[in-house]
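*Asks:* Structure file upload-v3.txt (compact mmCIF, C-alpha atoms and all ligand atoms) is given on the next line.
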```
# COMPACT_ATOMS: atom_id res chain seq x y z
CA MET A 131 -71.62 54.01 235.14
CA LEU A 132 -74.48 52.30 236.96
CA LYS A 133 -73.34 49.56 239.32
CA VAL A 134 -75.40 46.53 240.31
CA TYR A 135 -74.23 44.53 243.30
CA GLY A 136 -75.35 40.94 243.05
CA VAL A 137 -74.96 37.74 241.07
CA HIS A 138 -76.70 36.07 238.17
CA GLY A 139 -79.41 33.64 239.22
CA SER A 140 -81.15 35.77 241.84
CA PRO A 141 -84.77 36.40 240.77
CA PHE A 142 -84.42 39.95 242.11
CA VAL A 143 -81.08 40.75 240.47
CA ARG A 144 -82.51 39.32 237.23
CA LYS A 145 -85.35 41.89 237.24
CA VAL A 146 -82.89 44.74 237.59
CA LEU A 147 -80.49 43.46 234.90
CA ILE A 148 -83.33 42.93 232.43
CA THR A 149 -84.68 46.40 233.16
CA LEU A 150 -81.22 47.86 232.47
CA GLU A 151 -80.87 45.84 229.26
CA LEU A 152 -84.33 46.81 228.07
CA LYS A 153 -83.52 50.46 228.59
CA GLY A 154 -80.15 50.11 226.85
CA LEU A 155 -78.24 51.47 229.86
CA ASP A 156 -74.55 50.80 230.51
CA TYR A 157 -73.90 49.06 233.80
CA GLU A 158 -71.41 46.88 235.54
CA ILE A 159 -72.12 43.97 237.84
CA ILE A 160 -70.12 43.95 241.06
CA THR A 161 -70.15 40.35 242.24
CA GLN A 162 -71.84 40.11 245.61
CA MET A 163 -72.95 36.74 246.93
CA PRO A 164 -76.11 36.55 249.02
CA PHE A 165 -75.84 35.23 252.59
CA SER A 166 -72.16 36.24 252.71
CA GLY A 167 -72.41 38.34 255.88
CA ASP A 168 -70.02 40.76 254.14
CA SER A 169 -69.70 43.74 256.51
CA GLU A 170 -68.32 46.02 253.78
CA TYR A 171 -71.38 45.34 251.60
CA LYS A 172 -73.65 46.01 254.59
CA GLN A 173 -72.31 49.57 254.60
CA LEU A 174 -74.06 49.94 251.23
CA ASN A 175 -77.12 47.86 252.06
CA PRO A 176 -77.56 47.08 255.75
CA LEU A 177 -79.96 44.22 254.91
CA GLY A 178 -77.09 42.43 253.15
CA LYS A 179 -79.49 41.38 250.38
CA ILE A 180 -78.91 41.57 246.64
CA PRO A 181 -79.43 43.54 244.46
CA THR A 182 -78.16 46.99 245.36
CA LEU A 183 -77.93 49.71 242.71
CA VAL A 184 -75.48 52.59 242.81
CA ASP A 185 -76.17 55.43 240.37
CA GLY A 186 -73.90 58.38 241.14
CA ASP A 187 -74.99 59.73 244.51
CA ILE A 188 -77.90 57.38 244.98
CA THR A 189 -77.61 53.90 246.52
CA LEU A 190 -80.77 51.78 246.55
CA GLY A 191 -81.70 48.35 247.81
CA ASP A 192 -84.68 46.20 246.78
CA SER A 193 -85.44 45.26 243.19
CA LYS A 194 -88.91 46.86 243.28
CA VAL A 195 -87.51 50.19 244.41
CA ILE A 196 -84.61 49.94 241.94
CA CYS A 197 -86.80 49.13 238.91
CA ARG A 198 -89.20 51.93 239.82
CA TYR A 199 -86.27 54.35 240.14
CA LEU A 200 -84.77 53.25 236.81
CA ASP A 201 -88.09 53.80 235.10
CA ASP A 202 -88.43 57.31 236.56
CA ALA A 203 -84.78 58.28 235.97
CA TYR A 204 -84.44 56.72 232.49
CA PRO A 205 -87.93 56.90 230.99
CA ASP A 206 -87.08 56.57 227.27
CA VAL A 207 -87.96 52.88 227.17
CA PRO A 208 -90.63 52.45 229.85
CA ILE A 209 -91.09 49.25 231.81
CA TYR A 210 -94.15 50.49 233.70
CA PRO A 211 -97.57 51.18 232.23
CA THR A 212 -98.65 54.81 232.23
CA SER A 213 -102.11 55.13 233.77
CA PRO A 214 -102.24 55.50 237.57
CA ALA A 215 -104.46 52.42 237.90
CA GLU A 216 -102.20 50.21 235.76
CA LYS A 217 -99.08 51.58 237.47
CA ALA A 218 -100.56 50.72 240.85
CA MET A 219 -101.52 47.24 239.63
CA ALA A 220 -97.98 46.76 238.27
CA ASP A 221 -96.57 47.73 241.68
CA TRP A 222 -98.97 45.29 243.35
CA TYR A 223 -97.99 42.43 241.03
CA ASP A 224 -94.33 43.21 241.64
CA ASP A 225 -94.84 43.28 245.41
CA PHE A 226 -96.90 40.07 245.33
CA ALA A 227 -94.42 38.29 243.04
CA SER A 228 -91.25 39.49 244.76
CA GLY A 229 -92.72 38.66 248.17
CA ALA A 230 -95.07 35.70 248.61
CA VAL A 231 -94.57 34.11 245.18
CA ALA A 232 -90.77 34.37 245.23
CA GLU A 233 -90.62 32.94 248.73
CA LEU A 234 -92.28 29.78 247.39
CA ALA A 235 -91.17 29.45 243.76
CA ALA A 236 -87.61 30.64 244.36
CA GLY A 237 -87.79 28.76 247.67
CA ILE A 238 -87.68 25.50 245.68
CA PHE A 239 -84.49 26.79 244.04
CA PHE A 240 -83.10 27.83 247.41
CA GLN A 241 -83.66 24.34 248.79
CA ARG A 242 -82.34 22.37 245.84
CA PHE A 243 -79.62 24.69 244.53
CA MET A 244 -78.46 27.18 247.16
CA ARG A 245 -78.78 25.05 250.29
CA PRO A 246 -76.40 22.29 249.15
CA ARG A 247 -73.91 24.77 247.69
CA ALA A 248 -73.96 27.63 250.19
CA PHE A 249 -74.77 25.76 253.39
CA LYS A 250 -73.65 22.19 252.61
CA GLN A 251 -77.11 20.97 253.62
CA ASP A 252 -79.53 18.60 251.89
CA PRO A 253 -82.71 20.09 250.46
CA ASP A 254 -85.82 19.74 252.59
CA GLU A 255 -87.93 17.73 250.14
CA ALA A 256 -90.94 17.64 252.52
CA LEU A 257 -90.94 21.44 252.55
CA ILE A 258 -90.65 21.46 248.73
CA SER A 259 -93.63 19.07 248.39
CA ASN A 260 -95.67 21.29 250.68
CA ILE A 261 -94.81 24.30 248.52
CA ILE A 262 -95.72 22.52 245.27
CA GLU A 263 -98.85 20.73 246.49
CA ASN A 264 -100.36 23.20 248.96
CA LYS A 265 -98.79 26.63 249.05
CA LEU A 266 -98.22 27.55 245.41
CA PRO A 267 -101.56 26.49 243.85
CA PRO A 268 -103.72 29.25 245.40
CA LEU A 269 -101.20 31.87 244.22
CA LEU A 270 -101.00 30.31 240.75
CA ARG A 271 -104.80 30.23 240.52
CA TYR A 272 -104.86 33.94 241.37
CA ILE A 273 -102.22 34.73 238.71
CA GLU A 274 -104.11 32.67 236.12
CA ARG A 275 -107.35 34.55 236.89
CA GLN A 276 -105.65 37.93 236.55
CA LEU A 277 -104.05 37.30 233.15
CA PRO A 278 -105.55 38.44 229.85
CA SER A 279 -106.52 35.71 227.37
CA GLU A 280 -103.43 36.57 225.34
CA GLY A 281 -100.39 38.85 225.34
CA PHE A 282 -98.72 40.72 228.17
CA ILE A 283 -100.67 41.94 231.20
CA PHE A 284 -100.82 45.60 230.17
CA GLY A 285 -100.42 45.15 226.43
CA ASP A 286 -96.69 45.91 226.25
CA PHE A 287 -94.08 43.91 228.17
CA SER A 288 -93.81 45.44 231.64
CA ILE A 289 -92.40 44.95 235.11
CA ALA A 290 -95.61 43.10 236.02
CA ASP A 291 -94.90 40.31 233.52
CA LEU A 292 -91.22 40.20 234.44
CA ALA A 293 -91.82 40.15 238.21
CA LEU A 294 -94.40 37.36 238.02
CA VAL A 295 -92.26 35.17 235.77
CA SER A 296 -88.84 35.71 237.38
CA PRO A 297 -89.23 33.42 240.43
CA PHE A 298 -90.46 30.60 238.17
CA VAL A 299 -87.24 30.74 236.16
CA ASN A 300 -85.54 29.68 239.40
CA ALA A 301 -88.17 27.01 240.05
CA THR A 302 -87.45 25.56 236.60
CA TYR A 303 -83.71 25.43 237.38
CA ALA A 304 -84.69 23.41 240.44
CA GLY A 305 -86.88 20.94 238.53
CA TYR A 306 -90.34 22.49 238.95
CA ASP A 307 -92.31 23.74 235.93
CA VAL A 308 -95.73 25.37 236.23
CA PRO A 309 -98.17 22.77 234.86
CA ALA A 310 -99.53 24.01 231.51
CA ASP A 311 -102.76 22.01 231.74
CA SER A 312 -103.78 23.78 234.98
CA TYR A 313 -102.33 27.21 234.17
CA PRO A 314 -102.38 27.64 230.37
CA LYS A 315 -102.34 31.46 230.37
CA PHE A 316 -99.49 31.71 232.83
CA THR A 317 -97.33 29.08 231.11
CA THR A 318 -97.86 30.94 227.82
CA LEU A 319 -96.85 34.20 229.51
CA ILE A 320 -93.71 32.56 230.92
CA GLU A 321 -92.64 31.55 227.39
CA GLN A 322 -93.45 35.01 225.98
CA VAL A 323 -91.41 36.72 228.69
CA LYS A 324 -88.46 34.37 228.15
CA ALA A 325 -88.58 35.17 224.42
CA GLN A 326 -88.14 38.92 224.96
CA PRO A 327 -84.63 39.80 223.66
CA SER A 328 -83.51 41.50 226.90
CA VAL A 329 -84.74 38.53 228.93
CA ALA A 330 -83.24 35.89 226.61
CA MET A 331 -79.89 37.71 226.77
CA ILE A 332 -79.76 37.76 230.58
CA LEU A 333 -81.04 34.17 230.83
CA ALA A 334 -78.27 33.00 228.50
CA LYS A 335 -75.65 34.77 230.65
CA GLU A 336 -77.02 33.39 233.87
CA ALA A 337 -77.37 29.84 232.54
CA LYS A 338 -73.65 30.02 231.81
CA ALA A 339 -72.87 31.54 235.21
CA LEU A 340 -74.87 28.84 237.02
CA GLY A 341 -73.38 26.02 234.97
CA PHE A 342 -76.62 25.13 233.12
CA ALA A 343 -75.19 25.93 229.69
N1 LIG B 401 -87.18 42.27 248.42
C1 LIG B 401 -85.81 42.13 247.96
C2 LIG B 401 -85.37 40.68 248.18
C3 LIG B 401 -83.89 40.49 247.88
C4 LIG B 401 -83.42 39.12 248.35
O1 LIG B 401 -84.02 38.48 249.22
N2 LIG B 401 -82.31 38.67 247.76
C5 LIG B 401 -81.76 37.41 248.18
C6 LIG B 401 -80.99 36.74 247.04
S1 LIG B 401 -82.04 36.08 245.82
C7 LIG B 401 -80.72 37.68 249.25
O2 LIG B 401 -79.89 38.55 249.08
N3 LIG B 401 -80.77 36.93 250.34
C8 LIG B 401 -79.80 37.05 251.38
C9 LIG B 401 -80.40 37.31 252.70
O3 LIG B 401 -81.64 37.24 252.85
O4 LIG B 401 -79.63 37.60 253.62
C10 LIG B 401 -85.70 42.54 246.50
O5 LIG B 401 -86.73 42.54 245.80
O6 LIG B 401 -84.61 42.93 246.05
```
Before anything else, please render the file you have as structure tokens.
Ligand SMILES: N[C@@H](CCC(=O)N[C@@H](CS)C(=O)NCC(=O)O)C(=O)O
*Replies:*
Amino acid sequence: MLKVYGVHGSPFVRKVLITLELKGLDYEIITQMPFSGDSEYKQLNPLGKIPTLVDGDITLGDSKVICRYLDDAYPDVPIYPTSPAEKAMADWYDDFASGAVAELAAGIFFQRFMRPRAFKQDPDEALISNIIENKLPPLLRYIERQLPSEGFIFGDFSIADLALVSPFVNATYAGYDVPADSYPKFTTLIEQVKAQPSVAMILAKEAKALGFA
């Protein structure tokens, strides 16, 4: 059976779990906390980051690489668009969202949720204000410009929609919601993604795991 090392609540683990659910694959979650310095886990993934996927002989780190692999290895229910141009754009959105966007949007969650719990430190509210007021808006404006007037980015729900929305699920847990008046297309997309059955299922599990439900 496929094994995912990680925990509920990570924006990156979430992408992988939703991809597995969408494809109807059996998997088990092996609990692995981030920032644990676990030397045994580093044998599997020397970066020590979550998620890591083990599928038989193959062990992969990085949610982008894992989702791409799952789509190639288990293509029955695709999570990538098919044309080379749209596939490349989906990869770009995933890279953009899992890199710069996640650093900021999930950074709010890191400060307000992880920092007090994992490091017994207060959140840096000045850093959070700088993210919300200065750093996120140019990225949100870009996302808003890229989105179609309605529906998912490539017609069907895809990794592009999931990757862009995932870090903002964490921001919401930490008290920040994307303002609908400034970003109407993106806030609509966020709700549409959350309403997908595979997404709603994982969000319900993680809300329970994080103590929000
Ligand atoms: N690019 C990676 C990022 C993974 C990542 O940063 N995961 C966080 C948890 S949300 C982590 O494990 N952080 C621990 C660390 O940086 O040591 C991916 O997409 O999977």
*Asks:* Would you mind listing what lies within 10 Å of Phe165 of chain A as a list of chain:residue names, with all atoms listed in the file counted and same-chain residues fewer than 3 positions away left out?
*Replies:*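 The neighbour list is A:Gln162, A:Asp168, A:Gly178, A:Lys179, A:Ile180, A:Ala248, A:Phe249.
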*Asks:* Find the residue from A:Asp187, A:Glu336, A:Asp252, A:Glu233 that sits nearest to Pro297 of chain A; use all atoms listed in the file when measuring.
*Replies:*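 Ranked by minimum distance to Pro297 of chain A, first place goes to A:Glu233.
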*Asks:* Name the closest residue to ligand LIG 401 (chain B) among the candidates A:Val137, A:Val207, A:Leu132, A:Met331; distances are taken between atoms, counting all atoms listed in the file.
*Replies:*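 Looking at the shortest contact to ligand LIG 401 (chain B), the residue is A:Val137.
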*Asks:* Around ligand LIG 401 (chain B), which protein and nucleic acid residues have at least one atom no more than 7 Å from it, if we count all atoms listed in the file? List them as a compact mmCIF listing (two decimals) with C-alpha atoms, in the coordinates of the input.
*Replies:*
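Writing the result to selection.txt gives the following:
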```
# COMPACT_ATOMS: atom_id res chain seq x y z
CA SER A 140 -81.15 35.77 241.84
CA PRO A 141 -84.77 36.40 240.77
CA PHE A 142 -84.42 39.95 242.11
CA VAL A 143 -81.08 40.75 240.47
CA PRO A 164 -76.11 36.55 249.02
CA PHE A 165 -75.84 35.23 252.59
CA LEU A 177 -79.96 44.22 254.91
CA GLY A 178 -77.09 42.43 253.15
CA LYS A 179 -79.49 41.38 250.38
CA ILE A 180 -78.91 41.57 246.64
CA PRO A 181 -79.43 43.54 244.46
CA GLY A 191 -81.70 48.35 247.81
CA ASP A 192 -84.68 46.20 246.78
CA SER A 193 -85.44 45.26 243.19
CA LYS A 194 -88.91 46.86 243.28
CA SER A 228 -91.25 39.49 244.76
CA GLY A 229 -92.72 38.66 248.17
```
*Asks:* Find, counting all atoms listed in the file, the residue in A:Ala343, A:Ala310, A:Val295, A:Val134 that gets nearest to Lys324 of chain A.
*Replies:*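 Ranking A:Ala343, A:Ala310, A:Val295, A:Val134 by distance to Lys324 of chain A, first place goes to A:Val295.
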*Asks:* Please produce segment 152-181 of chain A, completed to N, CA and C atoms, as an mmCIF file, keeping the file's coordinate frame.
*Replies:*
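Output saved as rebuild.cif:
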```cif
data_model
loop_
_atom_site.group_PDB
_atom_site.id
_atom_site.type_symbol
_atom_site.label_atom_id
_atom_site.label_comp_id
_atom_site.auth_asym_id
_atom_site.auth_seq_id
_atom_site.Cartn_x
_atom_site.Cartn_y
_atom_site.Cartn_z
ATOM 1 N N LEU A 152 -83.197 46.313 228.834
ATOM 2 C CA LEU A 152 -84.330 46.810 228.070
ATOM 3 C C LEU A 152 -84.190 48.301 227.772
ATOM 4 N N LYS A 153 -83.657 49.008 228.741
ATOM 5 C CA LYS A 153 -83.520 50.460 228.590
ATOM 6 C C LYS A 153 -82.226 50.843 227.874
ATOM 7 N N GLY A 154 -81.391 49.841 227.573
ATOM 8 C CA GLY A 154 -80.150 50.110 226.850
ATOM 9 C C GLY A 154 -79.139 50.896 227.663
ATOM 10 N N LEU A 155 -79.160 50.709 228.994
ATOM 11 C CA LEU A 155 -78.240 51.470 229.860
ATOM 12 C C LEU A 155 -76.938 50.694 230.074
ATOM 13 N N ASP A 156 -75.838 51.442 230.205
ATOM 14 C CA ASP A 156 -74.550 50.800 230.510
ATOM 15 C C ASP A 156 -74.492 50.537 232.012
ATOM 16 N N TYR A 157 -74.004 49.384 232.371
ATOM 17 C CA TYR A 157 -73.900 49.060 233.800
ATOM 18 C C TYR A 157 -72.788 48.049 233.990
ATOM 19 N N GLU A 158 -72.327 47.980 235.232
ATOM 20 C CA GLU A 158 -71.410 46.880 235.540
ATOM 21 C C GLU A 158 -71.966 46.116 236.729
ATOM 22 N N ILE A 159 -71.689 44.813 236.722
ATOM 23 C CA ILE A 159 -72.120 43.970 237.840
ATOM 24 C C ILE A 159 -70.940 43.817 238.784
ATOM 25 N N ILE A 160 -71.153 44.188 240.051
ATOM 26 C CA ILE A 160 -70.120 43.950 241.060
ATOM 27 C C ILE A 160 -70.550 42.681 241.800
ATOM 28 N N THR A 161 -69.742 41.642 241.665
ATOM 29 C CA THR A 161 -70.150 40.350 242.240
ATOM 30 C C THR A 161 -70.343 40.463 243.747
ATOM 31 N N GLN A 162 -71.529 40.136 244.184
ATOM 32 C CA GLN A 162 -71.840 40.110 245.610
ATOM 33 C C GLN A 162 -72.709 38.897 245.885
ATOM 34 N N MET A 163 -72.171 37.940 246.625
ATOM 35 C CA MET A 163 -72.950 36.740 246.930
ATOM 36 C C MET A 163 -73.976 37.036 248.016
ATOM 37 N N PRO A 164 -75.155 36.422 247.916
ATOM 38 C CA PRO A 164 -76.110 36.550 249.020
ATOM 39 C C PRO A 164 -75.633 35.700 250.208
ATOM 40 N N PHE A 165 -76.121 35.990 251.365
ATOM 41 C CA PHE A 165 -75.840 35.230 252.590
ATOM 42 C C PHE A 165 -74.344 35.208 252.934
ATOM 43 N N SER A 166 -73.614 36.252 252.494
ATOM 44 C CA SER A 166 -72.160 36.240 252.710
ATOM 45 C C SER A 166 -71.797 36.869 254.058
ATOM 46 N N GLY A 167 -72.708 37.647 254.626
ATOM 47 C CA GLY A 167 -72.410 38.340 255.880
ATOM 48 C C GLY A 167 -71.311 39.391 255.710
ATOM 49 N N ASP A 168 -71.102 39.828 254.480
ATOM 50 C CA ASP A 168 -70.020 40.760 254.140
ATOM 51 C C ASP A 168 -70.284 42.136 254.775
ATOM 52 N N SER A 169 -69.429 42.498 255.751
ATOM 53 C CA SER A 169 -69.700 43.740 256.510
ATOM 54 C C SER A 169 -69.471 44.985 255.639
ATOM 55 N N GLU A 170 -68.548 44.879 254.670
ATOM 56 C CA GLU A 170 -68.320 46.020 253.780
ATOM 57 C C GLU A 170 -69.568 46.285 252.923
ATOM 58 N N TYR A 171 -70.159 45.196 252.420
ATOM 59 C CA TYR A 171 -71.380 45.340 251.600
ATOM 60 C C TYR A 171 -72.527 45.905 252.447
ATOM 61 N N LYS A 172 -72.563 45.512 253.721
ATOM 62 C CA LYS A 172 -73.650 46.010 254.590
ATOM 63 C C LYS A 172 -73.553 47.517 254.840
ATOM 64 N N GLN A 173 -72.397 48.104 254.538
ATOM 65 C CA GLN A 173 -72.310 49.570 254.600
ATOM 66 C C GLN A 173 -73.167 50.186 253.490
ATOM 67 N N LEU A 174 -73.243 49.470 252.358
ATOM 68 C CA LEU A 174 -74.060 49.940 251.230
ATOM 69 C C LEU A 174 -75.525 49.587 251.440
ATOM 70 N N ASN A 175 -75.756 48.358 251.869
ATOM 71 C CA ASN A 175 -77.120 47.860 252.060
ATOM 72 C C ASN A 175 -77.149 47.086 253.363
ATOM 73 N N PRO A 176 -77.638 47.702 254.426
ATOM 74 C CA PRO A 176 -77.560 47.080 255.750
ATOM 75 C C PRO A 176 -78.328 45.761 255.847
ATOM 76 N N LEU A 177 -79.236 45.506 254.888
ATOM 77 C CA LEU A 177 -79.960 44.220 254.910
ATOM 78 C C LEU A 177 -79.070 43.095 254.392
ATOM 79 N N GLY A 178 -78.000 43.456 253.684
ATOM 80 C CA GLY A 178 -77.090 42.430 253.150
ATOM 81 C C GLY A 178 -77.676 41.667 251.975
ATOM 82 N N LYS A 179 -78.837 42.100 251.485
ATOM 83 C CA LYS A 179 -79.490 41.380 250.380
ATOM 84 C C LYS A 179 -79.049 41.933 249.035
ATOM 85 N N ILE A 180 -79.175 41.099 248.009
ATOM 86 C CA ILE A 180 -78.910 41.570 246.640
ATOM 87 C C ILE A 180 -80.235 41.618 245.904
ATOM 88 N N PRO A 181 -80.395 42.596 244.980
ATOM 89 C CA PRO A 181 -79.430 43.540 244.460
ATOM 90 C C PRO A 181 -79.374 44.845 245.257
#
```
